[in-house]
$ cat work-v7.csv   # CSV, C-alpha atoms
chain,number,residue,atom,x,y,z
G,203,MET,CA,17.3,151.8,150.7
G,204,ASN,CA,16.7,150.4,154.2
G,205,THR,CA,19.0,148.5,156.5
G,206,VAL,CA,18.2,145.5,158.7
G,207,GLU,CA,20.7,143.8,161.0
G,208,LEU,CA,20.4,140.2,162.1
G,209,PHE,CA,22.3,138.7,165.0
G,210,VAL,CA,22.3,134.9,165.1
G,211,GLY,CA,23.6,133.0,168.2
G,212,LEU,CA,23.5,129.4,169.4
G,213,LYS,CA,21.0,127.9,171.8
G,214,ILE,CA,23.4,124.9,172.2
G,215,PRO,CA,26.9,125.3,173.6
G,216,ASP,CA,29.1,127.3,171.4
G,217,THR,CA,32.3,125.4,171.2
G,218,THR,CA,34.2,128.1,169.3
G,219,ALA,CA,33.3,130.6,172.1
G,220,ILE,CA,34.3,128.2,174.8
G,221,THR,CA,37.7,127.5,173.1
G,222,THR,CA,38.3,131.2,172.6
G,223,PHE,CA,37.5,131.9,176.2
G,224,HIS,CA,40.0,129.3,177.4
G,225,VAL,CA,42.7,130.5,175.0
G,226,LEU,CA,42.3,134.1,176.2
G,227,ARG,CA,42.4,133.0,179.9
G,228,ARG,CA,45.5,131.0,179.1
G,229,LEU,CA,47.1,134.0,177.4
G,230,GLY,CA,46.5,136.0,180.6
G,231,TYR,CA,43.6,138.2,179.6
G,232,PRO,CA,41.2,139.2,182.5
G,233,ILE,CA,38.0,138.1,180.8
G,234,ASP,CA,34.9,136.9,182.7
G,235,LYS,CA,32.8,135.7,179.8
G,236,LEU,CA,32.4,136.0,176.0
G,237,LYS,CA,29.7,135.4,173.5
G,238,ARG,CA,29.8,135.0,169.8
G,239,GLU,CA,27.1,135.7,167.2
G,240,ILE,CA,27.0,135.7,163.4
G,241,TYR,CA,26.1,139.1,162.2
G,242,TYR,CA,24.3,140.0,158.9
G,243,LYS,CA,23.6,143.4,157.6
G,244,PHE,CA,21.1,143.6,154.7
G,245,GLU,CA,20.4,146.5,152.4
G,246,ILE,CA,16.8,146.1,151.3
G,247,GLU,CA,14.2,147.7,149.1
G,248,SER,CA,11.2,146.9,151.3
G,249,ASP,CA,9.6,147.6,154.6
G,250,PRO,CA,12.2,146.9,157.4
G,251,GLN,CA,9.7,145.6,159.9
G,252,ARG,CA,8.2,143.1,157.5
G,253,PHE,CA,11.6,142.0,156.4
G,254,SER,CA,12.8,141.5,160.0
G,255,GLU,CA,9.9,139.2,160.6
G,256,LYS,CA,10.7,137.2,157.5
G,257,VAL,CA,14.4,137.0,157.7
G,258,GLY,CA,14.4,135.2,161.0
G,259,LYS,CA,12.5,132.3,159.4
G,260,VAL,CA,15.1,131.7,156.7
G,261,ASP,CA,16.7,128.3,157.5
G,262,VAL,CA,20.0,129.0,155.8
G,263,LEU,CA,20.5,131.9,158.2
G,264,VAL,CA,18.7,130.7,161.3
G,265,ASN,CA,18.3,127.0,162.1
G,266,ALA,CA,15.5,127.0,164.7
G,267,ASN,CA,16.8,123.7,166.1
G,268,LYS,CA,20.1,125.3,167.3
G,269,ASN,CA,20.0,129.1,166.7
G,270,LYS,CA,18.4,132.1,168.3
G,271,PHE,CA,18.2,135.5,166.7
G,272,SER,CA,17.6,139.1,167.2
G,273,THR,CA,17.3,142.0,164.8
G,274,THR,CA,18.4,144.6,167.3
G,275,LEU,CA,21.8,145.0,169.0
G,276,GLN,CA,21.6,144.0,172.7
G,277,LYS,CA,23.7,146.5,174.6
G,278,GLU,CA,25.0,145.2,177.9
G,279,GLU,CA,26.7,146.8,180.9
G,280,GLY,CA,30.4,145.9,181.2
G,281,ALA,CA,30.5,144.3,177.8
G,282,PHE,CA,32.2,145.4,174.6
G,283,LYS,CA,31.0,144.3,171.2
G,284,ILE,CA,33.5,143.8,168.5
G,285,LEU,CA,32.5,143.0,164.9
G,286,VAL,CA,35.0,141.2,162.7
G,287,LYS,CA,34.4,141.3,159.0
G,288,ASP,CA,36.4,140.1,156.0
G,289,ILE,CA,37.5,143.1,153.9
G,290,ASN,CA,35.8,143.1,150.5
G,291,ASP,CA,33.4,140.2,151.3
G,292,ASN,CA,30.1,141.0,149.5
G,293,CYS,CA,28.7,137.6,150.4
G,294,GLU,CA,28.0,136.9,146.7
G,295,GLY,CA,27.3,133.2,147.2
G,296,LEU,CA,24.9,133.6,150.1
G,297,LEU,CA,23.2,136.5,148.4
G,298,LYS,CA,22.5,134.3,145.3
G,299,THR,CA,21.1,131.6,147.6
G,300,LEU,CA,18.8,134.1,149.3
G,301,HIS,CA,17.6,135.4,146.0
G,302,LYS,CA,16.8,131.9,144.9
G,303,LEU,CA,14.8,131.5,148.1
G,304,GLY,CA,12.7,134.5,147.0
G,305,LEU,CA,14.3,137.3,149.0
G,306,ASN,CA,14.8,139.5,146.0
G,307,GLU,CA,14.4,142.7,148.0
G,308,ILE,CA,17.9,142.2,149.3
G,309,LYS,CA,20.2,144.4,147.3
G,310,GLY,CA,23.4,144.0,149.2
G,311,MET,CA,24.7,142.4,152.4
G,312,LYS,CA,27.6,142.1,154.8
G,313,LYS,CA,28.5,139.3,157.1
G,314,GLY,CA,30.7,139.1,160.2
G,315,VAL,CA,31.3,137.6,163.6
G,316,LEU,CA,30.2,139.7,166.6
G,317,TRP,CA,32.1,139.0,169.7
G,318,THR,CA,30.8,140.2,173.1
G,319,LEU,CA,33.7,140.5,175.5
G,320,TYR,CA,33.1,140.9,179.2
G,321,VAL,CA,36.3,142.7,180.1
G,322,ASP,CA,37.4,145.7,182.1
G,323,SER,CA,38.0,148.2,179.3
G,324,ILE,CA,37.8,148.9,175.7
G,325,LYS,CA,41.6,148.8,175.6
G,326,THR,CA,41.5,145.1,176.7
G,327,ALA,CA,38.8,144.4,174.2
G,328,ASN,CA,40.9,145.9,171.4
G,329,ASP,CA,44.0,144.0,172.6
G,330,ILE,CA,42.1,140.8,172.5
G,331,ALA,CA,40.8,141.5,169.0
G,332,GLU,CA,44.3,142.2,167.7
G,333,LYS,CA,45.9,139.2,169.4
G,334,LEU,CA,43.3,136.6,168.5
G,335,LEU,CA,40.0,137.6,166.9
G,336,TYR,CA,41.1,139.1,163.6
G,337,ASN,CA,43.9,139.2,161.1
G,338,LYS,CA,44.3,142.7,159.8
G,339,ASN,CA,45.7,141.4,156.6
G,340,TYR,CA,42.2,140.4,155.4
G,341,GLN,CA,39.8,141.4,158.1
G,342,GLU,CA,38.7,144.6,159.8
G,343,ILE,CA,37.0,145.3,163.1
G,344,GLU,CA,34.2,147.7,164.2
G,345,ILE,CA,33.2,148.5,167.7
G,346,LEU,CA,29.4,148.3,168.0
Q,185,MET,CA,68.9,108.2,161.6
Q,186,ILE,CA,67.6,111.8,161.3
Q,187,LYS,CA,64.4,112.2,163.4
Q,188,ILE,CA,61.6,114.5,162.3
Q,189,ALA,CA,58.7,115.4,164.6
Q,190,VAL,CA,55.3,115.5,162.9
Q,191,ILE,CA,53.2,117.7,165.2
Q,192,LEU,CA,49.7,116.6,166.0
Q,193,PHE,CA,47.3,119.3,167.2
Q,194,PRO,CA,43.7,118.3,167.9
Q,195,GLY,CA,42.1,118.2,164.5
Q,196,THR,CA,45.3,117.5,162.5
Q,197,ASN,CA,44.5,114.8,160.0
Q,198,CYS,CA,47.5,114.3,157.6
Q,199,GLU,CA,50.0,113.1,160.2
Q,200,ASN,CA,50.2,109.5,159.0
Q,201,GLU,CA,50.8,110.2,155.3
Q,202,THR,CA,53.3,112.9,156.3
Q,203,ALA,CA,55.2,110.4,158.4
Q,204,ARG,CA,55.2,107.9,155.5
Q,205,ALA,CA,56.6,110.5,153.1
Q,206,ILE,CA,59.4,111.3,155.6
Q,207,LYS,CA,60.3,107.7,155.9
Q,208,ALA,CA,60.2,107.2,152.2
Q,209,VAL,CA,63.2,109.6,151.8
Q,210,GLY,CA,65.2,107.8,154.6
Q,211,MET,CA,64.4,109.8,157.7
Q,212,ASP,CA,62.6,108.7,160.8
Q,213,ALA,CA,59.3,110.3,161.8
Q,214,SER,CA,57.5,110.4,165.1
Q,215,ILE,CA,54.1,111.9,165.6
Q,216,VAL,CA,54.2,114.2,168.6
Q,217,ARG,CA,51.1,115.4,170.3
Q,218,TRP,CA,50.7,119.0,171.2
Q,219,ASN,CA,50.6,118.1,174.8
Q,220,ASP,CA,53.8,116.0,174.7
Q,221,ALA,CA,55.8,119.1,173.6
Q,222,TYR,CA,58.6,118.5,176.2
Q,223,LYS,CA,60.0,115.9,173.8
Q,224,LEU,CA,60.6,118.2,171.0
Q,225,ASP,CA,64.1,119.5,171.5
Q,226,SER,CA,65.7,116.2,170.4
Q,227,PHE,CA,64.4,116.3,166.9
Q,228,GLU,CA,66.3,117.6,163.9
Q,229,GLY,CA,63.3,118.9,162.0
Q,230,TYR,CA,59.6,119.6,162.4
Q,231,ILE,CA,56.6,119.3,160.2
Q,232,LEU,CA,53.2,120.8,160.9
Q,233,PRO,CA,50.8,118.8,158.7
Q,234,GLY,CA,47.5,119.5,157.3
Q,235,GLY,CA,44.0,119.2,158.8
Q,236,TRP,CA,41.7,121.4,160.8
Q,237,SER,CA,43.6,122.1,164.0
Q,238,TYR,CA,41.1,123.2,166.7
Q,239,GLU,CA,38.4,122.8,164.1
Q,240,ASP,CA,39.6,126.1,162.5
Q,241,ARG,CA,37.8,127.9,165.4
Q,242,ILE,CA,38.1,131.7,165.1
Q,243,ARG,CA,40.1,131.3,161.9
Q,244,ALA,CA,42.4,128.6,160.4
Q,245,GLY,CA,45.6,128.1,162.4
Q,246,VAL,CA,45.2,130.9,164.9
Q,247,ILE,CA,44.6,128.9,168.0
Q,248,SER,CA,47.5,126.5,167.3
Q,249,ALA,CA,49.7,129.5,166.6
Q,250,GLN,CA,49.0,130.5,170.3
Q,251,ASP,CA,49.7,127.1,171.6
Q,252,PRO,CA,52.7,126.9,174.0
Q,253,LEU,CA,54.2,124.3,171.7
Q,254,MET,CA,54.8,127.0,169.1
Q,255,LYS,CA,57.2,128.7,171.5
Q,256,ILE,CA,59.4,125.6,171.3
Q,257,ILE,CA,59.0,125.6,167.5
Q,258,LYS,CA,60.1,129.2,167.3
Q,259,LYS,CA,63.1,128.5,169.4
Q,260,GLN,CA,64.1,125.5,167.2
Q,261,ALA,CA,63.6,127.7,164.1
Q,262,ALA,CA,65.9,130.3,165.6
Q,263,LEU,CA,68.5,127.5,165.9
Q,264,GLY,CA,68.3,126.9,162.2
Q,265,LYS,CA,66.4,123.6,162.3
Q,266,PRO,CA,64.0,123.1,159.3
Q,267,ILE,CA,60.3,123.7,160.0
Q,268,LEU,CA,57.7,122.8,157.2
Q,269,GLY,CA,54.1,123.8,157.5
Q,270,ILE,CA,51.7,122.1,155.0
Q,271,CYS,CA,48.2,123.5,154.5
Q,272,ASN,CA,46.9,124.0,158.0
Q,273,GLY,CA,50.5,123.9,159.1
Q,274,CYS,CA,51.1,126.7,156.6
Q,275,GLN,CA,48.3,128.7,158.2
Q,276,ILE,CA,49.8,128.1,161.7
Q,277,LEU,CA,53.2,129.3,160.6
Q,278,VAL,CA,51.8,132.5,159.1
Q,279,GLU,CA,49.5,133.2,162.1
Q,280,SER,CA,52.5,132.7,164.4
Q,281,GLY,CA,54.5,135.2,162.5
Q,282,LEU,CA,57.3,132.7,161.6
Q,283,VAL,CA,56.6,133.3,157.9
Q,284,PRO,CA,57.5,135.6,156.3
Q,285,GLY,CA,59.2,136.5,159.6
Q,286,LEU,CA,60.7,139.9,158.6
Q,287,LYS,CA,59.2,141.5,161.6
Q,288,ASP,CA,58.2,140.2,165.0
Q,289,GLN,CA,54.5,140.3,164.1
Q,290,ILE,CA,51.9,138.7,161.8
Q,291,GLN,CA,52.6,140.2,158.4
Q,292,MET,CA,50.4,138.0,156.2
Q,293,ALA,CA,47.2,136.0,156.2
Q,294,LEU,CA,45.8,132.9,154.5
Q,295,ALA,CA,42.5,134.4,153.5
Q,296,PRO,CA,39.5,132.7,152.0
Q,297,ASN,CA,39.9,131.6,148.5
Q,298,ILE,CA,38.9,133.8,145.7
Q,299,LYS,CA,38.3,132.0,142.4
Q,300,ASP,CA,35.7,133.9,140.5
Q,301,PRO,CA,32.9,133.0,140.0
Q,302,LEU,CA,33.1,130.6,142.9
Q,303,ALA,CA,34.5,130.6,146.4
Q,304,GLY,CA,35.0,128.3,149.3
Q,305,PHE,CA,36.8,124.9,149.7
Q,306,PHE,CA,38.7,123.7,146.7
Q,307,CYS,CA,40.3,120.3,146.2
Q,308,THR,CA,42.2,119.6,143.0
Q,309,TRP,CA,45.6,118.9,141.4
Q,310,VAL,CA,47.5,122.1,140.5
Q,311,LYS,CA,51.0,122.9,139.1
Q,312,MET,CA,53.5,125.0,140.9
Q,313,LYS,CA,57.0,125.9,140.0
Q,314,HIS,CA,60.1,126.3,142.0
Q,315,VAL,CA,61.4,129.9,142.1
Q,316,GLY,CA,63.4,131.9,144.7
Q,317,LYS,CA,66.6,131.3,146.4
Q,318,LYS,CA,67.8,127.9,147.7
Q,319,ASN,CA,66.5,127.0,151.1
Q,320,ALA,CA,66.1,123.9,153.2
Q,321,PHE,CA,63.3,122.5,151.1
Q,322,ASN,CA,64.3,123.0,147.5
Q,323,LEU,CA,67.9,121.8,147.2
Q,324,PHE,CA,66.9,119.2,144.6
Q,325,TYR,CA,64.8,121.4,142.3
Q,326,ARG,CA,66.0,123.1,139.2
Q,327,GLU,CA,65.0,126.8,138.7
Q,328,ASN,CA,61.5,126.9,137.3
Q,329,GLU,CA,60.9,123.2,137.7
Q,330,ILE,CA,57.2,122.4,137.5
Q,331,ILE,CA,55.7,120.1,140.2
Q,332,ASP,CA,52.3,118.5,140.1
Q,333,ILE,CA,50.7,118.6,143.5
Q,334,PRO,CA,47.2,118.6,145.1
Q,335,ILE,CA,45.6,121.4,147.1
Q,336,ALA,CA,42.7,121.1,149.5
Q,337,HIS,CA,41.7,124.2,151.3
Q,338,ALA,CA,39.2,127.0,151.8
Q,339,GLU,CA,41.6,129.6,153.1
Q,340,GLY,CA,44.8,129.4,151.1
Q,341,ARG,CA,45.1,132.9,149.6
Q,342,PHE,CA,48.4,134.4,150.7
Q,343,THR,CA,47.7,138.1,151.2
Q,344,THR,CA,48.9,141.1,153.1
Q,345,ILE,CA,48.1,144.8,153.7
Q,346,GLU,CA,51.7,145.7,154.1
Q,347,LYS,CA,52.7,147.8,151.1
Q,348,GLY,CA,55.8,146.5,149.3
Q,349,LEU,CA,55.9,143.3,151.3
Q,350,MET,CA,55.3,140.9,148.3
Q,351,ASN,CA,58.0,142.6,146.2
Q,352,LYS,CA,60.4,142.4,149.1
Q,353,LEU,CA,59.6,138.7,149.5
Q,354,LYS,CA,60.2,138.3,145.8
Q,355,SER,CA,63.5,140.2,145.8
Q,356,ASN,CA,64.6,138.3,149.0
Q,357,GLY,CA,63.9,135.0,147.1
Q,358,GLN,CA,61.4,134.0,149.9
Q,359,ILE,CA,58.6,133.0,147.5
Q,360,THR,CA,59.6,129.4,147.0
Q,361,PHE,CA,56.7,128.0,144.9
Q,362,GLN,CA,54.3,129.8,142.6
Q,363,TYR,CA,51.2,128.4,141.0
Q,364,CYS,CA,51.7,128.1,137.2
Q,365,ASP,CA,50.2,126.5,134.1
Q,366,SER,CA,51.7,123.6,132.3
Q,367,ASN,CA,54.1,125.9,130.4
Q,368,GLY,CA,55.3,127.4,133.7
Q,369,ASP,CA,53.6,130.7,133.0
Q,370,VAL,CA,52.4,132.4,136.2
Q,371,ILE,CA,48.9,133.5,135.3
Q,372,GLU,CA,47.2,135.5,138.0
Q,373,SER,CA,43.7,134.4,137.3
Q,374,TYR,CA,41.8,131.2,138.1
Q,375,PRO,CA,42.3,128.3,137.4
Q,376,THR,CA,46.1,128.7,137.2
Q,377,ASN,CA,46.0,130.6,140.4
Q,378,PRO,CA,43.5,128.4,142.3
Q,379,ASN,CA,42.8,130.7,145.3
Q,380,GLY,CA,43.8,134.3,144.4
Q,381,SER,CA,47.1,134.2,146.2
Q,382,LEU,CA,49.2,137.4,145.7
Q,383,LEU,CA,52.0,136.7,143.1
Q,384,ASN,CA,50.5,133.2,142.8
Q,385,SER,CA,52.3,132.3,146.0
Q,386,ALA,CA,52.0,128.6,146.9
Q,387,GLY,CA,54.9,128.5,149.3
Q,388,ILE,CA,56.7,131.2,151.2
Q,389,CYS,CA,59.8,130.8,153.4
Q,390,ASN,CA,61.4,132.9,156.1
Q,391,LYS,CA,64.5,135.0,155.2
Q,392,LYS,CA,66.9,132.4,156.6
Q,393,GLY,CA,65.2,129.7,154.5
Q,394,ASN,CA,64.7,127.1,157.2
Q,395,VAL,CA,60.9,127.7,157.7
Q,396,LEU,CA,58.6,127.1,154.7
Q,397,ALA,CA,54.8,127.6,154.7
Q,398,MET,CA,53.1,125.9,151.8
Q,399,MET,CA,49.4,125.3,151.0
Q,400,PRO,CA,49.8,122.4,148.6
Q,401,HIS,CA,50.2,118.9,150.0
Q,402,PRO,CA,53.6,117.2,149.1
Q,403,GLU,CA,52.8,114.2,151.2
Q,404,ARG,CA,49.9,113.5,148.9
Q,405,ALA,CA,52.2,113.6,145.9
Q,406,THR,CA,55.1,111.6,147.1
Q,407,PHE,CA,54.4,108.0,146.1
Q,408,GLY,CA,53.8,107.0,142.4
Q,409,TYR,CA,50.5,105.4,143.3
Q,410,GLN,CA,49.2,108.8,144.4
Q,411,ALA,CA,49.7,110.3,141.0
Q,412,LYS,CA,46.9,110.7,138.4
Q,413,GLU,CA,48.9,108.5,136.1
Q,414,LYS,CA,49.9,105.7,138.5
Q,415,LYS,CA,53.6,105.2,138.7
Q,416,ILE,CA,54.3,102.3,141.0
Q,417,ASN,CA,57.6,102.1,142.8
Q,418,GLU,CA,58.6,105.6,142.0
Q,419,LEU,CA,58.8,108.7,144.1
Q,420,LEU,CA,57.2,111.8,142.6
Q,421,PRO,CA,58.8,115.3,142.3
Q,422,ALA,CA,57.0,116.7,145.4
Q,423,SER,CA,58.9,114.1,147.5
Q,424,LYS,CA,62.1,116.2,146.9
Q,425,ILE,CA,60.8,118.7,149.4
Q,426,PHE,CA,61.3,116.0,152.1
Q,427,ALA,CA,64.6,114.8,150.5
Q,428,SER,CA,65.8,118.3,150.6
Q,429,MET,CA,65.0,118.6,154.3
Q,430,LYS,CA,67.2,115.5,154.8
Q,431,LYS,CA,70.1,116.9,152.9
Q,432,TYR,CA,69.8,120.2,154.7
Q,433,ILE,CA,69.9,118.5,158.1
Q,434,GLU,CA,72.9,116.3,157.0
Q,435,GLN,CA,74.8,119.5,155.9
Q,436,ARG,CA,73.8,121.2,159.2
Q,437,ILE,CA,74.9,118.3,161.4
Q,438,SER,CA,78.2,118.0,159.5
Q,439,LYS,CA,79.1,121.6,160.1
$ encode --input "work-v7.csv" --output "structure tokens"
Amino acid sequence: MNTVELFVGLKIPDTTAITTFHVLRRLGYPIDKLKREIYYKFEIESDPQRFSEKVGKVDVLVNANKNKFSTTLQKEEGAFKILVKDINDNCEGLLKTLHKLGLNEIKGMKKGVLWTLYVDSIKTANDIAEKLLYNKNYQEIEIL
Amino acid sequence: MIKIAVILFPGTNCENETARAIKAVGMDASIVRWNDAYKLDSFEGYILPGGWSYEDRIRAGVISAQDPLMKIIKKQAALGKPILGICNGCQILVESGLVPGLKDQIQMALAPNIKDPLAGFFCTWVKMKHVGKKNAFNLFYRENEIIDIPIAHAEGRFTTIEKGLMNKLKSNGQITFQYCDSNGDVIESYPTNPNGSLLNSAGICNKKGNVLAMMPHPERATFGYQAKEKKINELLPASKIFASMKKYIEQRISK
């Protein structure tokens, strides 16, 4: 089984990211900037390179009119990446749709929201995640 | 006349029908915008109505829960004034930690619905029954009284990772409403439990009983004309939640 990750961002202004930034500033967090991307992780039974080329053209995941995407994690200096996922979410509905679209090589998938926080330390990033970005009663975080 | 503030956050969309329901039971209602919060102290009770405050950005209710207005609501709750959160208001109260309120932290979540084999937004009439101890919102309900009421949400599943919390809420009498079938049986599976809520919880209050977070919409089941079987000139059983608020406030004022 191979794994492919897909990071989908917006080319247009991301109102959720803008609101989140303002809320964090208002709460007193020393944050310079933040970015938000939708994160997918696919378990596939096919060639990862060919799948990566194909998956970015799937409209339900990437709408070329507003989205941009990457299949590799972009590491950045001074930024911390926090992935928020719903616990026990196997994306059944989305997976069925993707199968209907012919992507039968996908055997399993996960979805989440990847936040890139431009803050001074991992501690601040964790504090922000705990305060605002996830509710531990049904979500979990991962530092990427 | 008793004055209730109906809080309007950007994205709230049930403020007018909520105000009408309050007026129907003999109270006065004012819609108060989140940025007019300085007015709030003078009200005797507060309702956070349904909608999509802040467009549910990040997750439902969390941004409103961080709004400075909620500090005032918390202060008023500590004074014993009744606070009712309906649907998105319910999510705000849980995200602010006011419900269940046993610790000074967020103990629960309103997670995405689970209703095998489907998921996502769900809008329908359900049945819930009144259980738990008497509080500011159930003074006119008999024990196990069944109430017809609509729900409309995608994230309405009361859940927690805190071991023993649900049993504690049950033994404290903090679970006020539970989803049930027409016989009053609490069946854990869909469709009786429309969203997968733990212990079929439809409404949970704080320990003092003056803050209630409920996902169903009583303001959409107040007037007879809103019922499936139209009953003109009649108030429906869900209206007793607002009538109870009135009685609670009258008792509080007379003390």
$ residues_near_point --input "work-v7.csv" --point "(39.1, 124.5, 146.7)" --cutoff "9 Å" --atoms "all atoms listed in the file" --output "JSON, numbers by chain"
{"Q": [297, 299, 303, 304, 305, 306, 307, 308, 335, 336, 337, 338, 339, 340, 378, 379]}
$ atom_distance --input "work-v7.csv" --atom1 "atom CA of Pro250 of chain G" --atom2 "atom CA of Ile345 of chain G"
23.4 Å
$ closest_residue --input "work-v7.csv" --among "Q:Gln250, Q:Asn319, Q:Asn390, Q:Asn377" --to "chain G" --atoms "all atoms listed in the file"
Q:Gln250
$ interface_residues --input "work-v7.csv" --of "chain G" --to "chain Q" --cutoff "10 Å" --atoms "all atoms listed in the file" --output "CSV table (one decimal) with C-alpha atoms, keeping the file's coordinate frame"
chain,number,residue,atom,x,y,z
G,217,THR,CA,32.3,125.4,171.2
G,218,THR,CA,34.2,128.1,169.3
G,219,ALA,CA,33.3,130.6,172.1
G,221,THR,CA,37.7,127.5,173.1
G,222,THR,CA,38.3,131.2,172.6
G,225,VAL,CA,42.7,130.5,175.0
G,226,LEU,CA,42.3,134.1,176.2
G,228,ARG,CA,45.5,131.0,179.1
G,229,LEU,CA,47.1,134.0,177.4
G,288,ASP,CA,36.4,140.1,156.0
G,291,ASP,CA,33.4,140.2,151.3
G,293,CYS,CA,28.7,137.6,150.4
G,294,GLU,CA,28.0,136.9,146.7
G,295,GLY,CA,27.3,133.2,147.2
G,315,VAL,CA,31.3,137.6,163.6
G,333,LYS,CA,45.9,139.2,169.4
G,334,LEU,CA,43.3,136.6,168.5
G,335,LEU,CA,40.0,137.6,166.9
G,336,TYR,CA,41.1,139.1,163.6
G,337,ASN,CA,43.9,139.2,161.1
G,338,LYS,CA,44.3,142.7,159.8
G,339,ASN,CA,45.7,141.4,156.6
G,340,TYR,CA,42.2,140.4,155.4
G,341,GLN,CA,39.8,141.4,158.1
$ residues_near_point --input "work-v7.csv" --point "(62.3, 131.8, 156.6)" --cutoff "8 Å" --atoms "only C-alpha atoms" --output "PDB file with C-alpha atoms, in the coordinates of the input"
ATOM      1  CA  LEU Q 282      57.300 132.700 161.600  1.00  0.00           C
ATOM      2  CA  VAL Q 283      56.600 133.300 157.900  1.00  0.00           C
ATOM      3  CA  PRO Q 284      57.500 135.600 156.300  1.00  0.00           C
ATOM      4  CA  GLY Q 285      59.200 136.500 159.600  1.00  0.00           C
ATOM      5  CA  GLN Q 358      61.400 134.000 149.900  1.00  0.00           C
ATOM      6  CA  ILE Q 388      56.700 131.200 151.200  1.00  0.00           C
ATOM      7  CA  CYS Q 389      59.800 130.800 153.400  1.00  0.00           C
ATOM      8  CA  ASN Q 390      61.400 132.900 156.100  1.00  0.00           C
ATOM      9  CA  LYS Q 391      64.500 135.000 155.200  1.00  0.00           C
ATOM     10  CA  LYS Q 392      66.900 132.400 156.600  1.00  0.00           C
ATOM     11  CA  GLY Q 393      65.200 129.700 154.500  1.00  0.00           C
ATOM     12  CA  ASN Q 394      64.700 127.100 157.200  1.00  0.00           C
ATOM     13  CA  VAL Q 395      60.900 127.700 157.700  1.00  0.00           C
ATOM     14  CA  LEU Q 396      58.600 127.100 154.700  1.00  0.00           C
TER      15      LEU Q 396
END
$ atom_distance --input "work-v7.csv" --atom1 "atom CA of Ser280 of chain Q" --atom2 "atom CA of Asp332 of chain Q"
28.1 Å
$ atom_distance --input "work-v7.csv" --atom1 "atom CA of Ala320 of chain Q" --atom2 "atom CA of Glu201 of chain Q"
20.6 Å
$ build_atoms --input "work-v7.csv" --residues "segment 230-241 of chain Q" --atoms "N, CA and C atoms" --output "CSV table (one decimal), in the frame of the given file"
chain,number,residue,atom,x,y,z
Q,230,TYR,N,61.0,119.6,161.9
Q,230,TYR,CA,59.6,119.6,162.4
Q,230,TYR,C,58.7,119.8,161.2
Q,231,ILE,N,57.6,119.1,161.2
Q,231,ILE,CA,56.6,119.3,160.2
Q,231,ILE,C,55.2,119.5,160.9
Q,232,LEU,N,54.5,120.6,160.5
Q,232,LEU,CA,53.2,120.8,160.9
Q,232,LEU,C,52.3,120.4,159.8
Q,233,PRO,N,51.6,119.3,159.9
Q,233,PRO,CA,50.8,118.8,158.7
Q,233,PRO,C,49.5,119.5,158.6
Q,234,GLY,N,48.8,119.0,157.6
Q,234,GLY,CA,47.5,119.5,157.3
Q,234,GLY,C,46.3,119.0,158.2
Q,235,GLY,N,45.2,119.6,158.0
Q,235,GLY,CA,44.0,119.2,158.8
Q,235,GLY,C,43.2,120.4,159.2
Q,236,TRP,N,42.6,120.3,160.3
Q,236,TRP,CA,41.7,121.4,160.8
Q,236,TRP,C,42.0,121.6,162.3
Q,237,SER,N,43.2,122.0,162.6
Q,237,SER,CA,43.6,122.1,164.0
Q,237,SER,C,42.6,123.0,164.8
Q,238,TYR,N,42.2,122.5,165.9
Q,238,TYR,CA,41.1,123.2,166.7
Q,238,TYR,C,39.9,123.5,165.9
Q,239,GLU,N,39.6,122.7,164.9
Q,239,GLU,CA,38.4,122.8,164.1
Q,239,GLU,C,38.3,124.2,163.4
Q,240,ASP,N,39.5,124.8,163.2
Q,240,ASP,CA,39.6,126.1,162.5
Q,240,ASP,C,38.8,127.2,163.3
Q,241,ARG,N,38.6,126.9,164.6
Q,241,ARG,CA,37.8,127.9,165.4
Q,241,ARG,C,38.5,129.3,165.3
